[in-house]
>>> print(open('coords17.pdb').read())   # PDB, C-alpha atoms, pLDDT in the B column
ATOM      1  CA  ASN A   1     -24.147 -20.496   6.820  1.00 35.00           C
ATOM      2  CA  GLY A   2     -25.745 -17.305   8.118  1.00 34.00           C
ATOM      3  CA  ASP A   3     -22.579 -15.278   7.596  1.00 38.00           C
ATOM      4  CA  GLN A   4     -22.953 -15.601   3.837  1.00 39.00           C
ATOM      5  CA  ALA A   5     -25.965 -13.274   3.917  1.00 41.00           C
ATOM      6  CA  ARG A   6     -24.144 -10.542   5.829  1.00 41.00           C
ATOM      7  CA  PRO A   7     -22.497  -7.657   3.917  1.00 48.00           C
ATOM      8  CA  ARG A   8     -18.729  -7.822   4.099  1.00 59.00           C
ATOM      9  CA  SER A   9     -16.172  -5.016   4.020  1.00 70.00           C
ATOM     10  CA  VAL A  10     -12.962  -5.462   2.097  1.00 86.00           C
ATOM     11  CA  GLY A  11     -11.215  -2.617   3.926  1.00 92.00           C
ATOM     12  CA  TRP A  12      -9.433   0.638   3.176  1.00 94.00           C
ATOM     13  CA  TYR A  13      -6.553  -0.587   1.034  1.00 94.00           C
ATOM     14  CA  PRO A  14      -8.209  -0.943  -2.428  1.00 95.00           C
ATOM     15  CA  ALA A  15      -9.214   2.741  -2.321  1.00 96.00           C
ATOM     16  CA  LEU A  16      -5.744   3.728  -1.135  1.00 97.00           C
ATOM     17  CA  ALA A  17      -4.044   1.753  -3.913  1.00 96.00           C
ATOM     18  CA  ALA A  18      -6.361   3.158  -6.605  1.00 96.00           C
ATOM     19  CA  GLU A  19      -5.863   6.754  -5.491  1.00 97.00           C
ATOM     20  CA  TRP A  20      -2.092   6.346  -5.130  1.00 97.00           C
ATOM     21  CA  TYR A  21      -1.841   5.002  -8.679  1.00 96.00           C
ATOM     22  CA  ALA A  22      -4.001   7.855  -9.994  1.00 96.00           C
ATOM     23  CA  LEU A  23      -1.766  10.390  -8.225  1.00 96.00           C
ATOM     24  CA  THR A  24       1.643   8.927  -9.032  1.00 95.00           C
ATOM     25  CA  GLY A  25       1.408   6.206 -11.657  1.00 94.00           C
ATOM     26  CA  GLU A  26       3.064   3.888  -9.120  1.00 93.00           C
ATOM     27  CA  LYS A  27       1.493   0.441  -8.849  1.00 93.00           C
ATOM     28  CA  THR A  28       0.930  -0.696  -5.282  1.00 93.00           C
ATOM     29  CA  VAL A  29       1.446  -4.100  -3.685  1.00 94.00           C
ATOM     30  CA  ILE A  30      -0.539  -4.564  -0.469  1.00 94.00           C
ATOM     31  CA  ILE A  31       0.425  -7.255   2.068  1.00 94.00           C
ATOM     32  CA  PRO A  32      -2.533  -7.570   4.475  1.00 90.00           C
ATOM     33  CA  GLU A  33      -1.888  -8.745   8.029  1.00 91.00           C
ATOM     34  CA  PHE A  34      -5.034  -8.891  10.173  1.00 86.00           C
ATOM     35  CA  HIS A  35      -5.334 -10.038  13.780  1.00 86.00           C
ATOM     36  CA  SER A  36      -8.808  -9.268  15.103  1.00 84.00           C
ATOM     37  CA  GLY A  37      -9.190  -8.278  18.748  1.00 83.00           C
ATOM     38  CA  ASN A  38      -5.456  -8.157  19.442  1.00 89.00           C
ATOM     39  CA  PRO A  39      -3.881  -5.434  21.637  1.00 91.00           C
ATOM     40  CA  ILE A  40      -0.526  -3.862  20.775  1.00 94.00           C
ATOM     41  CA  SER A  41       1.182  -6.245  23.228  1.00 94.00           C
ATOM     42  CA  THR A  42       0.492  -9.151  20.867  1.00 94.00           C
ATOM     43  CA  TRP A  43       2.503  -7.304  18.213  1.00 96.00           C
ATOM     44  CA  TYR A  44       5.302  -6.246  20.554  1.00 97.00           C
ATOM     45  CA  SER A  45       5.822  -6.422  24.286  1.00 96.00           C
ATOM     46  CA  TYR A  46       5.242  -3.324  26.424  1.00 95.00           C
ATOM     47  CA  ASP A  47       8.965  -3.171  27.249  1.00 96.00           C
ATOM     48  CA  GLY A  48       9.842  -3.034  23.540  1.00 96.00           C
ATOM     49  CA  ILE A  49      11.961  -6.190  23.694  1.00 97.00           C
ATOM     50  CA  THR A  50       9.951  -9.095  22.318  1.00 98.00           C
ATOM     51  CA  ALA A  51       8.222  -9.297  18.945  1.00 98.00           C
ATOM     52  CA  GLY A  52       4.803 -10.946  18.879  1.00 96.00           C
ATOM     53  CA  ALA A  53       3.389 -13.287  16.262  1.00 94.00           C
ATOM     54  CA  GLY A  54       1.712 -10.504  14.286  1.00 94.00           C
ATOM     55  CA  THR A  55       5.012  -8.694  13.830  1.00 97.00           C
ATOM     56  CA  THR A  56       7.078 -11.771  13.004  1.00 97.00           C
ATOM     57  CA  ASP A  57       4.461 -12.992  10.529  1.00 96.00           C
ATOM     58  CA  ALA A  58       4.288  -9.595   8.823  1.00 96.00           C
ATOM     59  CA  VAL A  59       8.089  -9.283   8.651  1.00 97.00           C
ATOM     60  CA  THR A  60       8.331 -12.702   6.984  1.00 97.00           C
ATOM     61  CA  LYS A  61       5.648 -11.764   4.434  1.00 97.00           C
ATOM     62  CA  ILE A  62       7.342  -8.422   3.683  1.00 97.00           C
ATOM     63  CA  LYS A  63      10.737 -10.013   3.095  1.00 96.00           C
ATOM     64  CA  ASN A  64       9.283 -12.759   0.896  1.00 96.00           C
ATOM     65  CA  CYS A  65       7.269 -10.260  -1.128  1.00 95.00           C
ATOM     66  CA  LEU A  66      10.173  -7.869  -1.687  1.00 95.00           C
ATOM     67  CA  SER A  67      12.433 -10.763  -2.663  1.00 93.00           C
ATOM     68  CA  PHE A  68       9.901 -11.988  -5.216  1.00 94.00           C
ATOM     69  CA  ILE A  69       9.311  -8.510  -6.670  1.00 92.00           C
ATOM     70  CA  SER A  70      13.057  -7.972  -7.040  1.00 88.00           C
ATOM     71  CA  SER A  71      13.438 -11.330  -8.758  1.00 90.00           C
ATOM     72  CA  GLN A  72      10.864 -10.255 -11.355  1.00 91.00           C
ATOM     73  CA  ASN A  73      12.894  -7.126 -12.206  1.00 86.00           C
ATOM     74  CA  TYR A  74      10.246  -4.682 -11.021  1.00 89.00           C
ATOM     75  CA  GLU A  75      11.476  -1.307  -9.797  1.00 90.00           C
ATOM     76  CA  ILE A  76      10.600  -0.669  -6.153  1.00 93.00           C
ATOM     77  CA  VAL A  77       9.956   3.064  -5.780  1.00 93.00           C
ATOM     78  CA  ARG A  78       9.046   3.351  -2.087  1.00 95.00           C
ATOM     79  CA  THR A  79       8.019   1.170   0.827  1.00 97.00           C
ATOM     80  CA  GLY A  80       5.888   1.731   3.919  1.00 97.00           C
ATOM     81  CA  TYR A  81       3.178   0.260   6.090  1.00 98.00           C
ATOM     82  CA  TYR A  82      -0.277   1.454   7.186  1.00 98.00           C
ATOM     83  CA  TRP A  83      -1.569   0.818  10.694  1.00 97.00           C
ATOM     84  CA  LEU A  84      -5.201   0.759  11.851  1.00 95.00           C
ATOM     85  CA  GLN A  85      -5.340  -0.783  15.324  1.00 94.00           C
ATOM     86  CA  GLY A  86      -6.090   0.025  18.923  1.00 91.00           C
ATOM     87  CA  GLU A  87      -9.709  -0.685  19.753  1.00 87.00           C
ATOM     88  CA  THR A  88      -8.769  -3.464  22.167  1.00 86.00           C
ATOM     89  CA  ASP A  89      -6.261  -1.116  23.853  1.00 89.00           C
ATOM     90  CA  ALA A  90      -8.890   1.575  24.402  1.00 85.00           C
ATOM     91  CA  PHE A  91     -11.200   0.213  27.079  1.00 75.00           C
ATOM     92  CA  ILE A  92     -10.077   2.902  29.498  1.00 65.00           C
ATOM     93  CA  ASN A  93     -13.097   2.714  31.810  1.00 59.00           C
ATOM     94  CA  GLU A  94     -13.353  -1.059  31.930  1.00 62.00           C
ATOM     95  CA  THR A  95     -11.988  -3.472  34.508  1.00 62.00           C
ATOM     96  CA  VAL A  96     -11.346  -7.002  33.304  1.00 66.00           C
ATOM     97  CA  GLU A  97      -9.498  -9.521  35.437  1.00 68.00           C
ATOM     98  CA  ASN A  98      -5.896 -10.155  34.323  1.00 67.00           C
ATOM     99  CA  THR A  99      -6.167  -7.542  31.561  1.00 71.00           C
ATOM    100  CA  VAL A 100      -3.822  -4.569  31.214  1.00 74.00           C
ATOM    101  CA  TYR A 101      -4.982  -1.530  29.279  1.00 83.00           C
ATOM    102  CA  PRO A 102      -1.830   0.319  28.220  1.00 90.00           C
ATOM    103  CA  THR A 103      -0.833   3.833  29.142  1.00 92.00           C
ATOM    104  CA  ALA A 104       0.395   6.111  26.369  1.00 94.00           C
ATOM    105  CA  LYS A 105       4.001   5.260  27.261  1.00 96.00           C
ATOM    106  CA  MET A 106       3.357   1.507  27.238  1.00 95.00           C
ATOM    107  CA  TYR A 107       1.693   1.729  23.821  1.00 96.00           C
ATOM    108  CA  GLU A 108       4.445   3.987  22.466  1.00 97.00           C
ATOM    109  CA  THR A 109       7.225   1.614  23.573  1.00 98.00           C
ATOM    110  CA  ALA A 110       5.514  -1.441  22.089  1.00 98.00           C
ATOM    111  CA  TYR A 111       4.694   0.413  18.895  1.00 98.00           C
ATOM    112  CA  LEU A 112       8.272   1.588  18.351  1.00 98.00           C
ATOM    113  CA  GLY A 113       9.561  -1.966  18.722  1.00 98.00           C
ATOM    114  CA  MET A 114       7.125  -3.103  16.047  1.00 98.00           C
ATOM    115  CA  HIS A 115       7.852  -0.059  13.880  1.00 98.00           C
ATOM    116  CA  GLU A 116      11.592  -0.739  13.864  1.00 98.00           C
ATOM    117  CA  ALA A 117      10.927  -4.338  12.853  1.00 98.00           C
ATOM    118  CA  PHE A 118       8.680  -3.244   9.987  1.00 98.00           C
ATOM    119  CA  VAL A 119      10.933  -0.517   8.592  1.00 98.00           C
ATOM    120  CA  GLY A 120      13.912  -2.844   8.887  1.00 97.00           C
ATOM    121  CA  ALA A 121      12.119  -5.426   6.758  1.00 97.00           C
ATOM    122  CA  LEU A 122      10.977  -2.753   4.280  1.00 97.00           C
ATOM    123  CA  LYS A 123      14.464  -1.431   3.521  1.00 96.00           C
ATOM    124  CA  VAL A 124      15.535  -2.058  -0.048  1.00 94.00           C
ATOM    125  CA  GLU A 125      19.177  -1.999  -1.092  1.00 89.00           C
ATOM    126  CA  GLY A 126      19.955   0.995  -3.262  1.00 89.00           C
ATOM    127  CA  LEU A 127      16.665   2.757  -2.520  1.00 90.00           C
ATOM    128  CA  ASP A 128      17.307   6.184  -1.008  1.00 88.00           C
ATOM    129  CA  LYS A 129      13.722   6.689   0.195  1.00 92.00           C
ATOM    130  CA  GLN A 130      13.237   5.889   3.888  1.00 94.00           C
ATOM    131  CA  PRO A 131      10.537   3.293   4.690  1.00 97.00           C
ATOM    132  CA  TYR A 132       7.696   4.960   6.562  1.00 98.00           C
ATOM    133  CA  GLY A 133       4.820   4.130   8.877  1.00 98.00           C
ATOM    134  CA  ALA A 134       1.370   5.658   8.367  1.00 98.00           C
ATOM    135  CA  ILE A 135      -1.264   5.533  11.112  1.00 97.00           C
ATOM    136  CA  LEU A 136      -4.995   5.772  10.469  1.00 96.00           C
ATOM    137  CA  SER A 137      -6.702   7.276  13.505  1.00 92.00           C
ATOM    138  CA  CYS A 138      -8.503   4.590  15.500  1.00 87.00           C
ATOM    139  CA  ARG A 139     -11.886   4.768  17.161  1.00 82.00           C
ATOM    140  CA  THR A 140     -12.206   3.319  20.613  1.00 79.00           C
ATOM    141  CA  ARG A 141     -14.682   1.458  22.716  1.00 68.00           C
ATOM    142  CA  THR A 142     -18.421   2.147  22.352  1.00 67.00           C
ATOM    143  CA  ASN A 143     -21.161   2.522  19.783  1.00 65.00           C
ATOM    144  CA  GLN A 144     -21.678   6.223  20.535  1.00 68.00           C
ATOM    145  CA  PRO A 145     -19.883   8.476  18.023  1.00 69.00           C
ATOM    146  CA  TYR A 146     -18.643  11.096  20.524  1.00 70.00           C
ATOM    147  CA  GLN A 147     -17.467   8.497  23.025  1.00 72.00           C
ATOM    148  CA  ASN A 148     -15.859   6.623  20.150  1.00 76.00           C
ATOM    149  CA  ILE A 149     -13.185   9.320  19.820  1.00 77.00           C
ATOM    150  CA  GLU A 150     -12.493   9.400  23.539  1.00 79.00           C
ATOM    151  CA  TYR A 151      -8.855   9.899  24.483  1.00 83.00           C
ATOM    152  CA  CYS A 152      -6.951   7.013  26.013  1.00 87.00           C
ATOM    153  CA  GLY A 153      -3.373   5.767  26.075  1.00 90.00           C
ATOM    154  CA  MET A 154      -3.551   4.356  22.585  1.00 92.00           C
ATOM    155  CA  ARG A 155      -4.853   7.540  20.935  1.00 91.00           C
ATOM    156  CA  VAL A 156      -2.439   9.825  22.794  1.00 93.00           C
ATOM    157  CA  ALA A 157       0.471   7.567  21.836  1.00 95.00           C
ATOM    158  CA  GLN A 158      -0.446   7.398  18.158  1.00 95.00           C
ATOM    159  CA  GLN A 159      -0.618  11.177  17.810  1.00 94.00           C
ATOM    160  CA  TYR A 160       2.566  11.646  19.810  1.00 96.00           C
ATOM    161  CA  LEU A 161       4.416   9.109  17.670  1.00 97.00           C
ATOM    162  CA  ALA A 162       3.376  10.789  14.417  1.00 96.00           C
ATOM    163  CA  ASN A 163       4.351  14.226  15.659  1.00 95.00           C
ATOM    164  CA  ASN A 164       7.744  13.198  17.041  1.00 97.00           C
ATOM    165  CA  HIS A 165       9.223  10.721  14.563  1.00 97.00           C
ATOM    166  CA  SER A 166      10.270  11.758  11.066  1.00 95.00           C
ATOM    167  CA  ASP A 167       9.330   8.407   9.523  1.00 97.00           C
ATOM    168  CA  LEU A 168       5.863   8.192  11.115  1.00 98.00           C
ATOM    169  CA  TYR A 169       2.719   9.973   9.932  1.00 97.00           C
ATOM    170  CA  LEU A 170      -0.959  10.279  10.736  1.00 96.00           C
ATOM    171  CA  ALA A 171      -2.252   9.263   7.328  1.00 97.00           C
ATOM    172  CA  SER A 172      -5.899  10.016   8.084  1.00 96.00           C
ATOM    173  CA  VAL A 173      -7.764  11.739  10.883  1.00 94.00           C
ATOM    174  CA  GLU A 174     -10.955  12.033   8.834  1.00 93.00           C
ATOM    175  CA  MET A 175     -12.692   9.772  11.354  1.00 89.00           C
ATOM    176  CA  GLU A 176     -12.265  12.430  14.053  1.00 87.00           C
ATOM    177  CA  ASN A 177     -15.042  14.379  12.333  1.00 88.00           C
ATOM    178  CA  TRP A 178     -17.544  11.512  12.575  1.00 88.00           C
ATOM    179  CA  ARG A 179     -19.197  12.509  15.843  1.00 84.00           C
ATOM    180  CA  ASN A 180     -22.977  12.775  15.503  1.00 86.00           C
ATOM    181  CA  ALA A 181     -24.811   9.802  14.027  1.00 87.00           C
ATOM    182  CA  SER A 182     -27.134  12.010  11.961  1.00 91.00           C
ATOM    183  CA  ASP A 183     -24.391  14.206  10.446  1.00 91.00           C
ATOM    184  CA  SER A 184     -23.954  14.017   6.676  1.00 94.00           C
ATOM    185  CA  VAL A 185     -20.628  12.730   5.318  1.00 94.00           C
ATOM    186  CA  SER A 186     -19.200  12.669   1.800  1.00 93.00           C
ATOM    187  CA  TYR A 187     -15.717  12.658   0.300  1.00 95.00           C
ATOM    188  CA  GLN A 188     -14.079  13.459  -3.016  1.00 95.00           C
ATOM    189  CA  SER A 189     -10.434  12.614  -3.500  1.00 96.00           C
ATOM    190  CA  LYS A 190      -7.765  14.638  -5.265  1.00 96.00           C
ATOM    191  CA  LYS A 191      -8.282  12.504  -8.363  1.00 96.00           C
ATOM    192  CA  GLY A 192     -12.057  12.636  -8.299  1.00 94.00           C
ATOM    193  CA  TYR A 193     -13.006   9.373  -6.657  1.00 96.00           C
ATOM    194  CA  ALA A 194     -16.194  10.140  -4.736  1.00 94.00           C
ATOM    195  CA  VAL A 195     -18.058   8.578  -1.849  1.00 94.00           C
ATOM    196  CA  GLU A 196     -21.710   9.580  -2.031  1.00 91.00           C
ATOM    197  CA  SER A 197     -23.295  11.421   0.858  1.00 92.00           C
ATOM    198  CA  THR A 198     -24.341   9.251   3.772  1.00 93.00           C
ATOM    199  CA  THR A 199     -24.537   9.707   7.530  1.00 93.00           C
ATOM    200  CA  VAL A 200     -22.067   9.038  10.304  1.00 90.00           C
ATOM    201  CA  GLY A 201     -24.436   6.382  11.600  1.00 88.00           C
ATOM    202  CA  GLY A 202     -24.314   4.761   8.185  1.00 89.00           C
ATOM    203  CA  LEU A 203     -20.511   4.611   8.247  1.00 90.00           C
ATOM    204  CA  ILE A 204     -19.907   3.169  11.689  1.00 85.00           C
ATOM    205  CA  ASN A 205     -20.565  -0.404  12.720  1.00 81.00           C
ATOM    206  CA  GLY A 206     -19.891  -0.287  16.445  1.00 75.00           C
ATOM    207  CA  ILE A 207     -16.214   0.566  16.710  1.00 78.00           C
ATOM    208  CA  HIS A 208     -15.623  -0.597  13.131  1.00 84.00           C
ATOM    209  CA  TYR A 209     -16.827   0.608   9.719  1.00 89.00           C
ATOM    210  CA  ASN A 210     -18.731  -0.329   6.600  1.00 92.00           C
ATOM    211  CA  GLN A 211     -17.134  -0.236   3.147  1.00 93.00           C
ATOM    212  CA  SER A 212     -18.112   3.386   2.417  1.00 94.00           C
ATOM    213  CA  ALA A 213     -16.171   4.481   5.486  1.00 94.00           C
ATOM    214  CA  TYR A 214     -13.177   2.350   4.516  1.00 95.00           C
ATOM    215  CA  ASN A 215     -13.254   3.910   1.046  1.00 96.00           C
ATOM    216  CA  ILE A 216     -13.086   7.392   2.572  1.00 97.00           C
ATOM    217  CA  MET A 217     -10.255   6.362   4.881  1.00 96.00           C
ATOM    218  CA  GLY A 218      -8.217   4.852   2.044  1.00 97.00           C
ATOM    219  CA  LEU A 219      -8.702   7.809  -0.287  1.00 97.00           C
ATOM    220  CA  ASP A 220      -7.902  10.302   2.467  1.00 97.00           C
ATOM    221  CA  ALA A 221      -4.787   8.376   3.526  1.00 97.00           C
ATOM    222  CA  ALA A 222      -3.506   8.281  -0.054  1.00 97.00           C
ATOM    223  CA  ASP A 223      -4.141  12.010  -0.550  1.00 97.00           C
ATOM    224  CA  ASN A 224      -2.424  12.957   2.704  1.00 97.00           C
ATOM    225  CA  MET A 225       0.542  10.649   2.242  1.00 97.00           C
ATOM    226  CA  TYR A 226       0.997  11.994  -1.277  1.00 96.00           C
ATOM    227  CA  ASP A 227       1.237  15.495   0.190  1.00 95.00           C
ATOM    228  CA  ALA A 228       3.671  14.286   2.828  1.00 95.00           C
ATOM    229  CA  LEU A 229       5.939  12.148   0.635  1.00 95.00           C
ATOM    230  CA  VAL A 230       5.671  13.623  -2.848  1.00 92.00           C
ATOM    231  CA  GLY A 231       4.043  17.053  -2.629  1.00 78.00           C
ATOM    232  CA  SER A 232       5.242  20.186  -0.884  1.00 56.00           C
ATOM    233  CA  SER A 233       3.036  20.233   2.204  1.00 47.00           C
ATOM    234  CA  SER A 234       3.290  18.185   5.395  1.00 45.00           C
ATOM    235  CA  ILE A 235       0.655  16.447   7.490  1.00 45.00           C
ATOM    236  CA  ARG A 236       2.977  15.728  10.380  1.00 45.00           C
ATOM    237  CA  ASP A 237       1.468  18.303  12.741  1.00 45.00           C
ATOM    238  CA  ILE A 238      -2.292  18.117  13.075  1.00 41.00           C
ATOM    239  CA  GLU A 239      -4.905  20.229  14.776  1.00 41.00           C
ATOM    240  CA  LEU A 240      -8.062  18.675  16.144  1.00 37.00           C
TER     241      LEU A 240
END
>>> encode(input="coords17.pdb", output="structure tokens")
Amino acid sequence: NGDQARPRSVGWYPALAAEWYALTGEKTVIIPEFHSGNPISTWYSYDGITAGAGTTDAVTKIKNCLSFISSQNYEIVRTGYYWLQGETDAFINETVENTVYPTAKMYETAYLGMHEAFVGALKVEGLDKQPYGAILSCRTRTNQPYQNIEYCGMRVAQQYLANNHSDLYLASVEMENWRNASDSVSYQSKKGYAVESTTVGGLINGIHYNQSAYNIMGLDAADNMYDALVGSSSIRDIEL
């Protein structure tokens, strides 16, 4: 069909895994869980009580994966999850019948319910390292770069969560610098992986990204989380 001719993006996680291995020598297992167009309320209810299908599915996959890895006598060094979501929660100037766009508090409450479910599933007996959550900063609601980093409940909540919970981090805010479509962008990781110079307009596909952008996001997240978890510096407090 026509989709076969369209370029496809794999996502940010291959670059993250490659950089993490180069930094630490630790092999990485990625468990993808994608639900396109889903607000935070489909992962957890706004009152923080009820898990949605995305959360329950991910928890089942995590538990099955960890059980299998343990049965193969692999050493589990650390566990965590990476979160890139929020576009559907960000339509702050839109009015759609029967649709609720969450406030920062609503998003925070739902997120924490999901977070507790994830870290609970990621706990490994005998492992003294705390499971962690790592948020990649999310763009919002339009095709215009400046408007795409507009503040709304989702973005306020994500930054607040990372700055106020010891097991939550902002893994990458590199996307906050992608404002003017004509601006040049390039990236070189701590271990020398490079993304050749392009433009912001060449990285952004509406509110989503092409593979070059995902490569930057993955490399940046790995570098920052290495500093936070292994190195001496912290990325918990950010300045924009």
>>> closest_residue(input="coords17.pdb", among="A:Leu112, A:Val77, A:Ile69, A:Leu16", to="A:Asn164", atoms="all atoms listed in the file")
A:Leu112
>>> resolve_selection(input="coords17.pdb", expression="the PyMOL selection byres ((chain A and resi 144-153) around 12)", output="compact mmCIF listing (two decimals) with C-alpha atoms, in the frame of the given file")
# COMPACT_ATOMS: atom_id res chain seq x y z
CA ILE A 40 -0.53 -3.86 20.78
CA GLY A 86 -6.09 0.02 18.92
CA GLU A 87 -9.71 -0.68 19.75
CA THR A 88 -8.77 -3.46 22.17
CA ASP A 89 -6.26 -1.12 23.85
CA ALA A 90 -8.89 1.58 24.40
CA PHE A 91 -11.20 0.21 27.08
CA ILE A 92 -10.08 2.90 29.50
CA ASN A 93 -13.10 2.71 31.81
CA GLU A 94 -13.35 -1.06 31.93
CA VAL A 100 -3.82 -4.57 31.21
CA TYR A 101 -4.98 -1.53 29.28
CA PRO A 102 -1.83 0.32 28.22
CA THR A 103 -0.83 3.83 29.14
CA ALA A 104 0.40 6.11 26.37
CA LYS A 105 4.00 5.26 27.26
CA MET A 106 3.36 1.51 27.24
CA TYR A 107 1.69 1.73 23.82
CA GLU A 108 4.44 3.99 22.47
CA THR A 109 7.22 1.61 23.57
CA SER A 137 -6.70 7.28 13.50
CA CYS A 138 -8.50 4.59 15.50
CA ARG A 139 -11.89 4.77 17.16
CA THR A 140 -12.21 3.32 20.61
CA ARG A 141 -14.68 1.46 22.72
CA THR A 142 -18.42 2.15 22.35
CA ASN A 143 -21.16 2.52 19.78
CA MET A 154 -3.55 4.36 22.58
CA ARG A 155 -4.85 7.54 20.94
CA VAL A 156 -2.44 9.82 22.79
CA ALA A 157 0.47 7.57 21.84
CA GLN A 158 -0.45 7.40 18.16
CA GLN A 159 -0.62 11.18 17.81
CA TYR A 160 2.57 11.65 19.81
CA LEU A 161 4.42 9.11 17.67
CA VAL A 173 -7.76 11.74 10.88
CA GLU A 174 -10.96 12.03 8.83
CA MET A 175 -12.69 9.77 11.35
CA GLU A 176 -12.26 12.43 14.05
CA ASN A 177 -15.04 14.38 12.33
CA TRP A 178 -17.54 11.51 12.58
CA ARG A 179 -19.20 12.51 15.84
CA ASN A 180 -22.98 12.78 15.50
CA ALA A 181 -24.81 9.80 14.03
CA SER A 182 -27.13 12.01 11.96
CA ASP A 183 -24.39 14.21 10.45
CA THR A 199 -24.54 9.71 7.53
CA VAL A 200 -22.07 9.04 10.30
CA GLY A 201 -24.44 6.38 11.60
CA GLY A 202 -24.31 4.76 8.18
CA LEU A 203 -20.51 4.61 8.25
CA ILE A 204 -19.91 3.17 11.69
CA ASN A 205 -20.56 -0.40 12.72
CA GLY A 206 -19.89 -0.29 16.44
CA ILE A 207 -16.21 0.57 16.71
CA HIS A 208 -15.62 -0.60 13.13
CA TYR A 209 -16.83 0.61 9.72
CA LEU A 240 -8.06 18.68 16.14
>>> closest_residue(input="coords17.pdb", among="A:Met114, A:Val185, A:Leu84, A:Val10", to="A:Ala53", atoms="only C-alpha atoms")
A:Met114
>>> resolve_selection(input="coords17.pdb", expression="the PyMOL selection byres ((chain A and resi 54) around 10)", output="ChimeraX atom specification")
/A:33-35,38,40-44,51-53,55-59,114
>>> atom_distance(input="coords17.pdb", atom1="atom CA of A:Ala222", atom2="atom CA of A:Pro39")
25.7 Å
>>> residues_around(input="coords17.pdb", residues="stretch 126-134 of chain A", least_positions_apart="6", cutoff="9 Å", atoms="only C-alpha atoms", output="VMD selection string")
chain A and resid 76 to 84 115 118 to 120 162 166 to 172 221 225
>>> write_last_selection(input="coords17.pdb", atoms="C-alpha atoms", output="PDB file, keeping the file's coordinate frame")
ATOM      1  CA  ILE A  76      10.600  -0.669  -6.153  1.00 93.00           C
ATOM      2  CA  VAL A  77       9.956   3.064  -5.780  1.00 93.00           C
ATOM      3  CA  ARG A  78       9.046   3.351  -2.087  1.00 95.00           C
ATOM      4  CA  THR A  79       8.019   1.170   0.827  1.00 97.00           C
ATOM      5  CA  GLY A  80       5.888   1.731   3.919  1.00 97.00           C
ATOM      6  CA  TYR A  81       3.178   0.260   6.090  1.00 98.00           C
ATOM      7  CA  TYR A  82      -0.277   1.454   7.186  1.00 98.00           C
ATOM      8  CA  TRP A  83      -1.569   0.818  10.694  1.00 97.00           C
ATOM      9  CA  LEU A  84      -5.201   0.759  11.851  1.00 95.00           C
ATOM     10  CA  HIS A 115       7.852  -0.059  13.880  1.00 98.00           C
ATOM     11  CA  PHE A 118       8.680  -3.244   9.987  1.00 98.00           C
ATOM     12  CA  VAL A 119      10.933  -0.517   8.592  1.00 98.00           C
ATOM     13  CA  GLY A 120      13.912  -2.844   8.887  1.00 97.00           C
ATOM     14  CA  ALA A 162       3.376  10.789  14.417  1.00 96.00           C
ATOM     15  CA  SER A 166      10.270  11.758  11.066  1.00 95.00           C
ATOM     16  CA  ASP A 167       9.330   8.407   9.523  1.00 97.00           C
ATOM     17  CA  LEU A 168       5.863   8.192  11.115  1.00 98.00           C
ATOM     18  CA  TYR A 169       2.719   9.973   9.932  1.00 97.00           C
ATOM     19  CA  LEU A 170      -0.959  10.279  10.736  1.00 96.00           C
ATOM     20  CA  ALA A 171      -2.252   9.263   7.328  1.00 97.00           C
ATOM     21  CA  SER A 172      -5.899  10.016   8.084  1.00 96.00           C
ATOM     22  CA  ALA A 221      -4.787   8.376   3.526  1.00 97.00           C
ATOM     23  CA  MET A 225       0.542  10.649   2.242  1.00 97.00           C
TER      24      MET A 225
END
>>> resolve_selection(input="coords17.pdb", expression="the PyMOL selection byres ((chain A and resi 17) around 9)", output="list of chain:residue names")
A:Trp12, A:Tyr13, A:Pro14, A:Ala15, A:Leu16, A:Ala18, A:Glu19, A:Trp20, A:Tyr21, A:Ala22, A:Lys27, A:Thr28, A:Val29, A:Ile30, A:Gly218, A:Leu219, A:Ala222
>>> closest_residue(input="coords17.pdb", among="A:Ile216, A:Leu229, A:Ile62, A:Leu23", to="A:Val124", atoms="all atoms listed in the file")
A:Ile62
>>> atom_distance(input="coords17.pdb", atom1="atom CA of A:Tyr187", atom2="atom CA of A:Ile135")
19.4 Å
>>> axis_aligned_box(input="coords17.pdb", around="stretch 183-191 of chain A", padding_each_side="3 Å", output="JSON")
{"center_x": -16.1, "center_y": 13.6, "center_z": 1.0, "size_x": 22.6, "size_y": 8.1, "size_z": 24.8}
>>> atom_distance(input="coords17.pdb", atom1="atom CA of A:Gln85", atom2="atom CA of A:Ser36")
9.2 Å
>>> closest_residue(input="coords17.pdb", among="A:Ser197, A:Ser9, A:Gln211, A:Thr50", to="A:Tyr111", atoms="only C-alpha atoms")
A:Thr50
>>> build_atoms(input="coords17.pdb", residues="stretch 151-155 of chain A", atoms="N, CA, C and O atoms", output="PDB file, in the coordinates of the input")
ATOM      1  N   TYR A 151     -10.307  10.038  24.356  1.00 83.00           N
ATOM      2  CA  TYR A 151      -8.855   9.899  24.483  1.00 83.00           C
ATOM      3  C   TYR A 151      -8.503   8.824  25.489  1.00 83.00           C
ATOM      4  O   TYR A 151      -9.129   8.658  26.518  1.00 83.00           O
ATOM      5  N   CYS A 152      -7.465   8.080  25.168  1.00 87.00           N
ATOM      6  CA  CYS A 152      -6.951   7.013  26.013  1.00 87.00           C
ATOM      7  C   CYS A 152      -5.472   6.857  25.665  1.00 87.00           C
ATOM      8  O   CYS A 152      -4.948   7.571  24.814  1.00 87.00           O
ATOM      9  N   GLY A 153      -4.800   5.936  26.316  1.00 90.00           N
ATOM     10  CA  GLY A 153      -3.373   5.767  26.075  1.00 90.00           C
ATOM     11  C   GLY A 153      -3.038   5.517  24.623  1.00 90.00           C
ATOM     12  O   GLY A 153      -2.094   6.096  24.072  1.00 90.00           O
ATOM     13  N   MET A 154      -3.813   4.686  23.975  1.00 92.00           N
ATOM     14  CA  MET A 154      -3.551   4.356  22.585  1.00 92.00           C
ATOM     15  C   MET A 154      -3.620   5.579  21.685  1.00 92.00           C
ATOM     16  O   MET A 154      -2.728   5.842  20.875  1.00 92.00           O
ATOM     17  N   ARG A 155      -4.685   6.379  21.819  1.00 91.00           N
ATOM     18  CA  ARG A 155      -4.853   7.540  20.935  1.00 91.00           C
ATOM     19  C   ARG A 155      -3.816   8.617  21.207  1.00 91.00           C
ATOM     20  O   ARG A 155      -3.302   9.252  20.283  1.00 91.00           O
TER      21      ARG A 155
END
